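Q: Take a look at query-v3.pdb, PDB, C-alpha atoms and all ligand atoms:
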ATOM      1  CA  MET A  27      28.573  95.696 -37.184  1.00  0.00           C
ATOM      2  CA  ARG A  28      30.091  98.935 -38.465  1.00  0.00           C
ATOM      3  CA  ILE A  29      32.715 100.734 -36.379  1.00  0.00           C
ATOM      4  CA  LEU A  30      33.979 104.293 -36.614  1.00  0.00           C
ATOM      5  CA  LEU A  31      37.608 104.658 -35.492  1.00  0.00           C
ATOM      6  CA  VAL A  32      38.901 108.180 -34.860  1.00  0.00           C
ATOM      7  CA  GLU A  33      42.633 107.987 -34.107  1.00  0.00           C
ATOM      8  CA  ASP A  34      45.285 110.427 -35.347  1.00  0.00           C
ATOM      9  CA  GLU A  35      48.304 108.135 -34.911  1.00  0.00           C
ATOM     10  CA  LYS A  36      48.365 106.573 -38.361  1.00  0.00           C
ATOM     11  CA  ARG A  37      50.313 103.416 -37.461  1.00  0.00           C
ATOM     12  CA  MET A  38      48.108 102.731 -34.484  1.00  0.00           C
ATOM     13  CA  SER A  39      45.020 103.322 -36.625  1.00  0.00           C
ATOM     14  CA  GLN A  40      46.197 101.032 -39.427  1.00  0.00           C
ATOM     15  CA  ALA A  41      47.007  98.245 -36.980  1.00  0.00           C
ATOM     16  CA  LEU A  42      43.582  98.550 -35.335  1.00  0.00           C
ATOM     17  CA  VAL A  43      41.743  98.638 -38.668  1.00  0.00           C
ATOM     18  CA  GLU A  44      43.515  95.465 -39.747  1.00  0.00           C
ATOM     19  CA  ILE A  45      42.702  93.607 -36.524  1.00  0.00           C
ATOM     20  CA  LEU A  46      39.076  94.753 -36.460  1.00  0.00           C
ATOM     21  CA  ARG A  47      38.559  93.677 -40.074  1.00  0.00           C
ATOM     22  CA  GLN A  48      40.008  90.265 -39.246  1.00  0.00           C
ATOM     23  CA  GLU A  49      37.357  90.103 -36.521  1.00  0.00           C
ATOM     24  CA  LYS A  50      34.722  90.711 -39.258  1.00  0.00           C
ATOM     25  CA  TYR A  51      33.873  94.250 -38.215  1.00  0.00           C
ATOM     26  CA  GLU A  52      33.398  96.862 -40.929  1.00  0.00           C
ATOM     27  CA  VAL A  53      35.650  99.795 -40.050  1.00  0.00           C
ATOM     28  CA  ASP A  54      35.937 103.395 -41.235  1.00  0.00           C
ATOM     29  CA  ALA A  55      38.963 105.367 -40.025  1.00  0.00           C
ATOM     30  CA  CYS A  56      39.236 109.137 -39.517  1.00  0.00           C
ATOM     31  CA  TYR A  57      42.474 110.853 -38.529  1.00  0.00           C
ATOM     32  CA  ASP A  58      41.290 114.124 -37.019  1.00  0.00           C
ATOM     33  CA  GLY A  59      38.444 115.332 -34.847  1.00  0.00           C
ATOM     34  CA  ALA A  60      36.642 117.372 -37.505  1.00  0.00           C
ATOM     35  CA  SER A  61      36.242 114.546 -40.022  1.00  0.00           C
ATOM     36  CA  GLY A  62      35.611 112.164 -37.112  1.00  0.00           C
ATOM     37  CA  LEU A  63      32.746 114.325 -35.852  1.00  0.00           C
ATOM     38  CA  GLU A  64      31.222 114.561 -39.319  1.00  0.00           C
ATOM     39  CA  ALA A  65      31.337 110.770 -39.704  1.00  0.00           C
ATOM     40  CA  ALA A  66      30.031 110.234 -36.156  1.00  0.00           C
ATOM     41  CA  LEU A  67      27.008 112.457 -36.815  1.00  0.00           C
ATOM     42  CA  SER A  68      26.050 110.411 -39.893  1.00  0.00           C
ATOM     43  CA  GLY A  69      24.288 108.020 -37.511  1.00  0.00           C
ATOM     44  CA  ILE A  70      25.296 104.919 -39.476  1.00  0.00           C
ATOM     45  CA  TYR A  71      27.659 103.355 -36.920  1.00  0.00           C
ATOM     46  CA  ASP A  72      26.999 100.598 -34.399  1.00  0.00           C
ATOM     47  CA  LEU A  73      30.076 101.448 -32.314  1.00  0.00           C
ATOM     48  CA  MET A  74      32.587 104.301 -32.101  1.00  0.00           C
ATOM     49  CA  ILE A  75      36.188 104.226 -30.877  1.00  0.00           C
ATOM     50  CA  LEU A  76      37.440 107.743 -30.158  1.00  0.00           C
ATOM     51  CA  ASP A  77      40.947 108.770 -29.200  1.00  0.00           C
ATOM     52  CA  VAL A  78      40.926 111.667 -26.692  1.00  0.00           C
ATOM     53  CA  MET A  79      43.790 113.801 -28.019  1.00  0.00           C
ATOM     54  CA  LEU A  80      42.984 114.588 -31.642  1.00  0.00           C
ATOM     55  CA  PRO A  81      43.767 117.493 -33.964  1.00  0.00           C
ATOM     56  CA  LYS A  82      40.951 120.081 -34.321  1.00  0.00           C
ATOM     57  CA  ILE A  83      38.262 118.562 -32.069  1.00  0.00           C
ATOM     58  CA  ASN A  84      39.054 116.207 -29.177  1.00  0.00           C
ATOM     59  CA  GLY A  85      37.331 112.899 -28.501  1.00  0.00           C
ATOM     60  CA  PHE A  86      35.288 114.179 -25.532  1.00  0.00           C
ATOM     61  CA  GLU A  87      33.888 116.992 -27.634  1.00  0.00           C
ATOM     62  CA  ILE A  88      32.925 114.550 -30.397  1.00  0.00           C
ATOM     63  CA  ALA A  89      31.125 112.347 -27.846  1.00  0.00           C
ATOM     64  CA  LYS A  90      29.289 115.353 -26.394  1.00  0.00           C
ATOM     65  CA  ARG A  91      28.073 116.566 -29.771  1.00  0.00           C
ATOM     66  CA  VAL A  92      27.026 113.062 -30.797  1.00  0.00           C
ATOM     67  CA  ARG A  93      24.898 112.701 -27.639  1.00  0.00           C
ATOM     68  CA  LYS A  94      23.454 116.190 -28.152  1.00  0.00           C
ATOM     69  CA  LYS A  95      22.079 114.926 -31.469  1.00  0.00           C
ATOM     70  CA  SER A  96      20.438 112.019 -29.604  1.00  0.00           C
ATOM     71  CA  ILE A  97      22.713 109.454 -31.287  1.00  0.00           C
ATOM     72  CA  ARG A  98      23.019 106.670 -28.712  1.00  0.00           C
ATOM     73  CA  THR A  99      25.725 104.571 -30.406  1.00  0.00           C
ATOM     74  CA  PRO A 100      28.087 103.040 -27.785  1.00  0.00           C
ATOM     75  CA  ILE A 101      31.354 104.983 -27.534  1.00  0.00           C
ATOM     76  CA  LEU A 102      34.698 103.590 -26.336  1.00  0.00           C
ATOM     77  CA  MET A 103      37.275 106.289 -25.521  1.00  0.00           C
ATOM     78  CA  LEU A 104      41.011 105.680 -25.820  1.00  0.00           C
ATOM     79  CA  THR A 105      43.056 107.679 -23.305  1.00  0.00           C
ATOM     80  CA  ALA A 106      46.774 107.941 -22.586  1.00  0.00           C
ATOM     81  CA  LYS A 107      47.893 106.975 -19.061  1.00  0.00           C
ATOM     82  CA  SER A 108      48.827 110.583 -18.317  1.00  0.00           C
ATOM     83  CA  GLU A 109      45.209 111.536 -18.991  1.00  0.00           C
ATOM     84  CA  LEU A 110      43.769 109.328 -16.247  1.00  0.00           C
ATOM     85  CA  ASP A 111      41.715 112.200 -14.843  1.00  0.00           C
ATOM     86  CA  ASP A 112      40.115 112.376 -18.238  1.00  0.00           C
ATOM     87  CA  LYS A 113      38.321 109.132 -17.465  1.00  0.00           C
ATOM     88  CA  VAL A 114      35.787 111.138 -15.544  1.00  0.00           C
ATOM     89  CA  ALA A 115      35.495 113.688 -18.313  1.00  0.00           C
ATOM     90  CA  GLY A 116      35.075 110.803 -20.751  1.00  0.00           C
ATOM     91  CA  LEU A 117      32.188 109.295 -18.841  1.00  0.00           C
ATOM     92  CA  ASP A 118      30.611 112.718 -18.371  1.00  0.00           C
ATOM     93  CA  SER A 119      30.877 113.416 -22.073  1.00  0.00           C
ATOM     94  CA  GLY A 120      28.578 110.527 -22.916  1.00  0.00           C
ATOM     95  CA  ALA A 121      31.229 107.874 -23.574  1.00  0.00           C
ATOM     96  CA  ASP A 122      30.201 104.385 -22.417  1.00  0.00           C
ATOM     97  CA  ASP A 123      33.621 102.969 -21.607  1.00  0.00           C
ATOM     98  CA  TYR A 124      37.303 103.874 -21.752  1.00  0.00           C
ATOM     99  CA  LEU A 125      40.535 102.041 -22.356  1.00  0.00           C
ATOM    100  CA  THR A 126      43.942 103.319 -21.229  1.00  0.00           C
ATOM    101  CA  LYS A 127      46.807 103.264 -23.743  1.00  0.00           C
ATOM    102  CA  PRO A 128      48.817 101.143 -24.157  1.00  0.00           C
ATOM    103  CA  PHE A 129      46.260  98.340 -24.116  1.00  0.00           C
ATOM    104  CA  GLN A 130      46.150  94.696 -25.103  1.00  0.00           C
ATOM    105  CA  ILE A 131      44.213  93.903 -28.251  1.00  0.00           C
ATOM    106  CA  LYS A 132      42.398  91.158 -26.337  1.00  0.00           C
ATOM    107  CA  GLU A 133      41.153  93.794 -23.920  1.00  0.00           C
ATOM    108  CA  LEU A 134      39.978  96.074 -26.713  1.00  0.00           C
ATOM    109  CA  LEU A 135      38.061  93.256 -28.403  1.00  0.00           C
ATOM    110  CA  ALA A 136      36.451  92.240 -25.104  1.00  0.00           C
ATOM    111  CA  ARG A 137      35.276  95.809 -24.500  1.00  0.00           C
ATOM    112  CA  LEU A 138      33.882  96.052 -28.018  1.00  0.00           C
ATOM    113  CA  ARG A 139      31.977  92.798 -27.594  1.00  0.00           C
ATOM    114  CA  ALA A 140      30.505  94.056 -24.309  1.00  0.00           C
ATOM    115  CA  LEU A 141      29.484  97.363 -25.876  1.00  0.00           C
ATOM    116  CA  SER A 142      27.935  95.734 -28.923  1.00  0.00           C
ATOM    117  CA  ARG A 143      25.904  93.431 -26.657  1.00  0.00           C
ATOM    118  CA  ARG A 144      24.675  96.503 -24.817  1.00  0.00           C
ATOM    119  CA  ASN A 145      23.676  98.012 -28.156  1.00  0.00           C
ATOM    120  CA  ILE A 146      21.754  94.882 -29.163  1.00  0.00           C
ATOM    121  CA  ASN A 147      20.092  94.628 -25.752  1.00  0.00           C
ATOM    122  CA  SER A 148      18.997  98.232 -25.793  1.00  0.00           C
ATOM    123  CA  SER A 149      17.189  97.629 -29.081  1.00  0.00           C
ATOM    124  CA  GLY A 150      16.108  94.061 -28.314  1.00  0.00           C
ATOM    125  CA  GLY A 151      12.852  94.775 -26.526  1.00  0.00           C
ATOM    126  CA  VAL A 152       9.765  96.741 -27.393  1.00  0.00           C
ATOM    127  CA  LEU A 153      10.217 100.187 -28.899  1.00  0.00           C
ATOM    128  CA  ALA A 154       7.478 102.778 -28.778  1.00  0.00           C
ATOM    129  CA  PHE A 155       6.758 105.814 -30.896  1.00  0.00           C
ATOM    130  CA  GLY A 156       3.533 107.779 -31.294  1.00  0.00           C
ATOM    131  CA  ASP A 157       0.702 105.242 -31.385  1.00  0.00           C
ATOM    132  CA  ILE A 158       2.862 102.272 -32.408  1.00  0.00           C
ATOM    133  CA  LEU A 159       4.805  99.561 -30.578  1.00  0.00           C
ATOM    134  CA  LEU A 160       7.596  97.656 -32.288  1.00  0.00           C
ATOM    135  CA  ASP A 161       8.432  94.291 -30.749  1.00  0.00           C
ATOM    136  CA  VAL A 162      11.935  93.691 -32.060  1.00  0.00           C
ATOM    137  CA  ASN A 163      12.156  90.018 -31.035  1.00  0.00           C
ATOM    138  CA  SER A 164       8.977  88.957 -32.815  1.00  0.00           C
ATOM    139  CA  ALA A 165       9.264  91.610 -35.587  1.00  0.00           C
ATOM    140  CA  THR A 166       5.697  92.703 -34.846  1.00  0.00           C
ATOM    141  CA  LEU A 167       4.349  96.189 -35.311  1.00  0.00           C
ATOM    142  CA  THR A 168       1.236  96.994 -33.251  1.00  0.00           C
ATOM    143  CA  CYS A 169      -1.063 100.009 -33.150  1.00  0.00           C
ATOM    144  CA  ARG A 170      -1.599 100.874 -29.474  1.00  0.00           C
ATOM    145  CA  THR A 171      -5.061 102.341 -29.913  1.00  0.00           C
ATOM    146  CA  ASN A 172      -6.776  99.586 -31.932  1.00  0.00           C
ATOM    147  CA  ARG A 173      -4.419  96.650 -31.058  1.00  0.00           C
ATOM    148  CA  GLN A 174      -4.076  95.679 -34.721  1.00  0.00           C
ATOM    149  CA  SER A 175      -0.720  94.181 -35.532  1.00  0.00           C
ATOM    150  CA  VAL A 176       1.344  92.991 -38.469  1.00  0.00           C
ATOM    151  CA  ARG A 177       4.585  91.077 -38.986  1.00  0.00           C
ATOM    152  CA  LEU A 178       7.524  92.862 -40.575  1.00  0.00           C
ATOM    153  CA  SER A 179      10.193  91.423 -42.852  1.00  0.00           C
ATOM    154  CA  GLU A 180      13.799  91.671 -41.666  1.00  0.00           C
ATOM    155  CA  LYS A 181      14.539  94.834 -43.686  1.00  0.00           C
ATOM    156  CA  GLU A 182      11.257  96.473 -42.669  1.00  0.00           C
ATOM    157  CA  LEU A 183      12.092  95.725 -39.023  1.00  0.00           C
ATOM    158  CA  HIS A 184      15.544  97.294 -39.352  1.00  0.00           C
ATOM    159  CA  ILE A 185      14.082 100.354 -41.061  1.00  0.00           C
ATOM    160  CA  MET A 186      11.474 100.844 -38.305  1.00  0.00           C
ATOM    161  CA  GLU A 187      14.110 100.352 -35.589  1.00  0.00           C
ATOM    162  CA  TYR A 188      16.375 102.894 -37.259  1.00  0.00           C
ATOM    163  CA  LEU A 189      13.559 105.442 -37.686  1.00  0.00           C
ATOM    164  CA  ILE A 190      12.410 105.060 -34.057  1.00  0.00           C
ATOM    165  CA  ALA A 191      15.992 105.298 -32.736  1.00  0.00           C
ATOM    166  CA  ASN A 192      16.398 108.564 -34.645  1.00  0.00           C
ATOM    167  CA  GLN A 193      12.967 110.037 -33.953  1.00  0.00           C
ATOM    168  CA  GLY A 194      12.684 113.766 -34.495  1.00  0.00           C
ATOM    169  CA  GLN A 195      15.375 113.658 -37.162  1.00  0.00           C
ATOM    170  CA  ILE A 196      15.234 113.377 -40.923  1.00  0.00           C
ATOM    171  CA  LEU A 197      17.261 110.402 -42.130  1.00  0.00           C
ATOM    172  CA  THR A 198      18.685 110.679 -45.638  1.00  0.00           C
ATOM    173  CA  ARG A 199      18.361 107.795 -48.074  1.00  0.00           C
ATOM    174  CA  GLU A 200      22.180 107.595 -48.029  1.00  0.00           C
ATOM    175  CA  GLN A 201      22.166 107.048 -44.248  1.00  0.00           C
ATOM    176  CA  ILE A 202      19.424 104.449 -44.544  1.00  0.00           C
ATOM    177  CA  ALA A 203      21.165 102.622 -47.421  1.00  0.00           C
ATOM    178  CA  VAL A 204      24.437 102.383 -45.503  1.00  0.00           C
ATOM    179  CA  LYS A 205      22.752 101.414 -42.230  1.00  0.00           C
ATOM    180  CA  ILE A 206      20.443  98.726 -43.637  1.00  0.00           C
ATOM    181  CA  TRP A 207      22.349  97.433 -46.688  1.00  0.00           C
ATOM    182  CA  GLY A 208      25.914  98.396 -45.759  1.00  0.00           C
ATOM    183  CA  TYR A 209      26.491 100.321 -48.993  1.00  0.00           C
ATOM    184  CA  ASP A 210      25.709 103.705 -50.414  1.00  0.00           C
ATOM    185  CA  SER A 211      24.913 103.415 -54.156  1.00  0.00           C
ATOM    186  CA  GLU A 212      22.133 104.094 -56.667  1.00  0.00           C
ATOM    187  CA  ALA A 213      20.948 100.464 -56.457  1.00  0.00           C
ATOM    188  CA  GLU A 214      20.634 100.739 -52.688  1.00  0.00           C
ATOM    189  CA  TYR A 215      18.727 104.045 -52.983  1.00  0.00           C
ATOM    190  CA  ASN A 216      16.121 102.185 -55.037  1.00  0.00           C
ATOM    191  CA  ASN A 217      15.982  99.540 -52.314  1.00  0.00           C
ATOM    192  CA  VAL A 218      15.394 102.253 -49.722  1.00  0.00           C
ATOM    193  CA  GLU A 219      12.437 103.586 -51.717  1.00  0.00           C
ATOM    194  CA  VAL A 220      10.962 100.120 -52.290  1.00  0.00           C
ATOM    195  CA  TYR A 221      11.227  99.132 -48.620  1.00  0.00           C
ATOM    196  CA  MET A 222       9.908 102.514 -47.446  1.00  0.00           C
ATOM    197  CA  THR A 223       6.797 101.804 -49.533  1.00  0.00           C
ATOM    198  CA  PHE A 224       6.457  98.305 -48.000  1.00  0.00           C
ATOM    199  CA  THR A 225       6.903  99.661 -44.477  1.00  0.00           C
ATOM    200  CA  ARG A 226       4.396 102.460 -45.081  1.00  0.00           C
ATOM    201  CA  LYS A 227       1.849  99.906 -46.249  1.00  0.00           C
ATOM    202  CA  LYS A 228       2.298  97.964 -43.014  1.00  0.00           C
ATOM    203  CA  LEU A 229       1.689 101.148 -40.986  1.00  0.00           C
ATOM    204  CA  ALA A 230      -1.433 101.845 -43.050  1.00  0.00           C
ATOM    205  CA  PHE A 231      -2.590  98.225 -42.620  1.00  0.00           C
ATOM    206  CA  ILE A 232      -2.680  98.546 -38.822  1.00  0.00           C
ATOM    207  CA  GLU A 233      -4.345 101.965 -39.247  1.00  0.00           C
ATOM    208  CA  ALA A 234      -1.675 103.757 -37.234  1.00  0.00           C
ATOM    209  CA  GLU A 235      -1.522 107.538 -37.040  1.00  0.00           C
ATOM    210  CA  THR A 236       2.257 107.138 -37.156  1.00  0.00           C
ATOM    211  CA  LYS A 237       3.541 107.518 -40.698  1.00  0.00           C
ATOM    212  CA  ILE A 238       6.818 107.683 -42.550  1.00  0.00           C
ATOM    213  CA  LYS A 239       6.951 111.138 -44.000  1.00  0.00           C
ATOM    214  CA  ALA A 240       9.100 111.714 -47.080  1.00  0.00           C
ATOM    215  CA  VAL A 241      10.905 115.036 -46.893  1.00  0.00           C
ATOM    216  CA  ARG A 242      11.431 115.965 -50.527  1.00  0.00           C
ATOM    217  CA  GLY A 243      15.014 115.931 -51.670  1.00  0.00           C
ATOM    218  CA  ILE A 244      16.257 115.081 -48.158  1.00  0.00           C
ATOM    219  CA  GLY A 245      14.970 111.793 -46.798  1.00  0.00           C
ATOM    220  CA  TYR A 246      12.482 110.291 -44.384  1.00  0.00           C
ATOM    221  CA  GLU A 247      11.143 111.012 -40.946  1.00  0.00           C
ATOM    222  CA  LEU A 248       8.799 109.139 -38.607  1.00  0.00           C
ATOM    223  CA  ARG A 249       5.834 111.278 -37.513  1.00  0.00           C
ATOM    224  CA  CYS A 250       2.731 110.672 -35.490  1.00  0.00           C
ATOM    225  CA  PHE A 251      -0.206 112.675 -36.857  1.00  0.00           C
ATOM    226  CA  ASP A 252      -2.417 112.109 -33.834  1.00  0.00           C
ATOM    227  CA  VAL A 253      -1.085 115.121 -31.930  1.00  0.00           C
TER
HETATM  228 CA    CA B   1      45.948 111.062 -30.307  1.00  0.00          CA
END
Once more with this new file: its structure as structure tokens, please.

A:
Amino acid sequence: MRILLVEDEKRMSQALVEILRQEKYEVDACYDGASGLEAALSGIYDLMILDVMLPKINGFEIAKRVRKKSIRTPILMLTAKSELDDKVAGLDSGADDYLTKPFQIKELLARLRALSRRNINSSGGVLAFGDILLDVNSATLTCRTNRQSVRLSEKELHIMEYLIANQGQILTREQIAVKIWGYDSEAEYNNVEVYMTFTRKKLAFIEAETKIKAVRGIGYELRCFDV
């Protein structure tokens, strides 16, 4: 579970990072809205915590732009008490929940657990794209037209889930490496290529028109060629 924390008050940020790491979350911290937005758009996070008042770009704006890119990662907004009206703006912006400062750590952790459950639930059923169905619980990939199906390994399942969740977008091998393996390094890039080949073979095995297209020098994209 990888969390993006965008909070400009350094002491507050450091304290939160420490607590979240103790809770076994992986955390990346940004201290202004511009770097926060860039990180948020990478698509590698499972949860985002955004402060509202930030230098350069505020938290609502980050949430809006993230949703515009069809990134559905749960977002928790942190607002000051004086910004209570902003709650509405926060929910309108695409944030999933908000927490008013000052808050109890217990409360923050409870909200994060609830949001991460929502994230798991939303990807826990059957995902559809083009002529394929991906049953996440049984790790089965099925072609809708000929009903042929195949089991996926854990990594193949995560790759297919990630590609379907980001349909219409090209995912870079860096994004895929960080999302699936948690690291971004040469060794992981090789893993991405190896597992892309495995996953492609599974799609070919069920004779699906949906394929993983390699975009040279950029990354991978899921496409259905039956249209
Ligand atoms: Ca702030």

Q: Which polymer residues, whether protein, DNA or RNA, lie within 10 Å of the coordinate (1.3, 100.4, -40.7) when you count all atoms listed in the file? List them as a tab-separated table (two decimals) with C-alpha atoms, in the coordinates of the input, using the chain letters and numbers from the file.

A:
chain	number	residue	atom	x	y	z
A	158	ILE	CA	2.86	102.27	-32.41
A	167	LEU	CA	4.35	96.19	-35.31
A	168	THR	CA	1.24	96.99	-33.25
A	169	CYS	CA	-1.06	100.01	-33.15
A	174	GLN	CA	-4.08	95.68	-34.72
A	175	SER	CA	-0.72	94.18	-35.53
A	176	VAL	CA	1.34	92.99	-38.47
A	178	LEU	CA	7.52	92.86	-40.58
A	224	PHE	CA	6.46	98.30	-48.00
A	225	THR	CA	6.90	99.66	-44.48
A	226	ARG	CA	4.40	102.46	-45.08
A	227	LYS	CA	1.85	99.91	-46.25
A	228	LYS	CA	2.30	97.96	-43.01
A	229	LEU	CA	1.69	101.15	-40.99
A	230	ALA	CA	-1.43	101.84	-43.05
A	231	PHE	CA	-2.59	98.22	-42.62
A	232	ILE	CA	-2.68	98.55	-38.82
A	233	GLU	CA	-4.34	101.96	-39.25
A	234	ALA	CA	-1.68	103.76	-37.23
A	235	GLU	CA	-1.52	107.54	-37.04
A	236	THR	CA	2.26	107.14	-37.16
A	237	LYS	CA	3.54	107.52	-40.70
A	238	ILE	CA	6.82	107.68	-42.55

Q: Given the PyMOL selection byres (((chain A and resi 130-136) around 10) and not hetatm) and the file above, list the residues it selects as a ChimeraX atom specification.

A: /A:42,45-46,49,75,102,104,124-129,137-142

Q: Run through the PyMOL selection byres (((chain A and resi 250) around 8) and not hetatm) on the given coordinates and return the selected residues as a JSON list (two decimals) with C-alpha atoms, keeping the file's coordinate frame.

A:
[["chain", "number", "residue", "atom", "x", "y", "z"],
["A", 155, "PHE", "CA", 6.76, 105.81, -30.90],
["A", 156, "GLY", "CA", 3.53, 107.78, -31.29],
["A", 157, "ASP", "CA", 0.70, 105.24, -31.38],
["A", 235, "GLU", "CA", -1.52, 107.54, -37.04],
["A", 236, "THR", "CA", 2.26, 107.14, -37.16],
["A", 237, "LYS", "CA", 3.54, 107.52, -40.70],
["A", 248, "LEU", "CA", 8.80, 109.14, -38.61],
["A", 249, "ARG", "CA", 5.83, 111.28, -37.51],
["A", 251, "PHE", "CA", -0.21, 112.68, -36.86],
["A", 252, "ASP", "CA", -2.42, 112.11, -33.83],
["A", 253, "VAL", "CA", -1.08, 115.12, -31.93]]

Q: Apply the PyMOL selection byres (((chain A and resi 76-80) around 6) and not hetatm) to the file shown and report the selected residues as a list in words.

A: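 Evaluating the PyMOL selection byres (((chain A and resi 76-80) around 6) and not hetatm) on this file yields Val32, Glu33, Asp58, Gly59, Ile75, Pro81, Asn84, Gly85, Met103, Leu104 and Thr105 of chain A.
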
Q: Skip Glu212 in chain A itself and residues of its chain fewer than 6 positions away, then list as a PyMOL selection string all residues within 12 Å of it, counting only C-alpha atoms.

A: chain A and resi 199-200+203-204+218-219

Q: Take CA of Tyr221 in chain A and CA of Glu182 in chain A and report the distance between them in Å, one decimal.

A: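 So the answer is 6.5 Å.
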
Q: Just to confirm, what's the straight-line distance from CA of Glu187 in chain A to CA of Val162 in chain A in Å (one decimal)?

A: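 So the answer is 7.8 Å.
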
Q: Could you tell me which of A:Thr223, A:Thr99, A:Ala106, A:Asp54 comes closest to ligand CA 1 (chain B) if we count only C-alpha atoms and all ligand atoms?

A: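 Checking each of A:Thr223, A:Thr99, A:Ala106, A:Asp54 against ligand CA 1 (chain B), counting only C-alpha atoms and all ligand atoms, the winner is A:Ala106.
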
Q: What is the CA of Ser211 in chain A to CA of Asn163 in chain A distance in Å?

A: 29.6 Å

Q: For the point (21.4, 114.2, -28.0) in the file's frame, write as a count of residues only all residues with an atom no more than 12 Å away, counting all atoms listed in the file.

A: 21

Q: May I ask which of the residues A:Ser164, A:Ser68, A:Asn172, A:Asn217 is the closest one to Ile196 in chain A, counting all atoms listed in the file?

A: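 For Ile196 in chain A, the nearest of the given residues is A:Ser68.
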
Q: Calculated over all atoms listed in the file, which of the candidates A:Ala154, A:Ile83, A:Leu73, A:Met222 has the smallest distance to ligand CA 1 (chain B)?

A: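 Distance minimum relative to ligand CA 1 (chain B) lands on A:Ile83.
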
Q: With all atoms listed in the file as the basis for distance, which of A:Glu180, A:Asp118, A:Asp210, A:Asp72 is at the shortest distance from Glu52 in chain A?

A: A:Asp72

Q: Point out the residue among A:Tyr209, A:Arg47, A:Tyr57, A:Arg28 with the least atom-to-atom distance to ligand CA 1 (chain B), counting all atoms listed in the file.

A: A:Tyr57

Q: Find, counting only C-alpha atoms and all ligand atoms, the residue in A:Gln201, A:Ser179, A:Ser39, A:Thr171 that gets nearest to ligand CA 1 (chain B).

A: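 Looking at the shortest contact to ligand CA 1 (chain B), the residue is A:Ser39.
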